[in-house]
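Participant: Below is one structure. I have some questions about it.
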Amino acid sequence: PLPNMEDWSKSIFETLDSFADMVDEFFVEFTEVVEELADEWQNTVGADIEKCLQDIVREFVDFDYFEFFEPEESIGETEQFFTHPDESILQLPSACVGCRHYHGHSYGGNLLVCGMHPYGWDTDNCPDWES
């Protein structure tokens, strides 16, 4: 005998409902596993990264520039490290002439033109020029 149409549609809906419950349970368990992995990662790798970043920052905070120079190089540390550029070799970029931001000091042999453009501006019209 053929099953009743009503029983058949009821069976389909029960199967679909059961399937929906299984999918829901799967995603709840999946979410829990992902959260556990994320917490574990944060507690291990994340903590290592944070410690590494703290060590790097500490190096910059505790950094003594003059420890890198040999003793004979550190004579007159301030005068040697912070110097005015040699005008005979340095040509001021034309975009920097008269700019209030022009710095023009040499640090460890490297000229700092200004804070916005450490090496100067290539064209005649610097966007940050101010009198």
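Here, A, B, ... name the chains of the structure tokens in the order displayed, residue numbers run from 1 inside each chain, and ligands are numbered from 1 in the same displayed order.
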So which residues touch A:His101 within 10 Å, counting only C-alpha atoms, skipping near sequence neighbours fewer than 4 positions away, as JSON, numbers by chain?
Facilitator: {"A": [96, 97, 113, 114, 115, 116, 117, 128, 129, 130, 131]}
Participant: Just to confirm, what's the straight-line distance from atom CA of A:Leu37 to atom CA of A:Ser18 in Å (one decimal)?
Facilitator: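 Those two atoms sit 28.7 Å apart.
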Participant: Rounded to one decimal, what separation in Å do you get between atom CA of A:Val57 and atom CA of A:Ser106?
Facilitator: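 These two atoms are separated by 25.4 Å.
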Participant: Pick from A:Ser94, A:Thr31, A:His105, A:Leu112: nearest to A:Asp124, with only C-alpha atoms counted?
Facilitator: A:Ser94
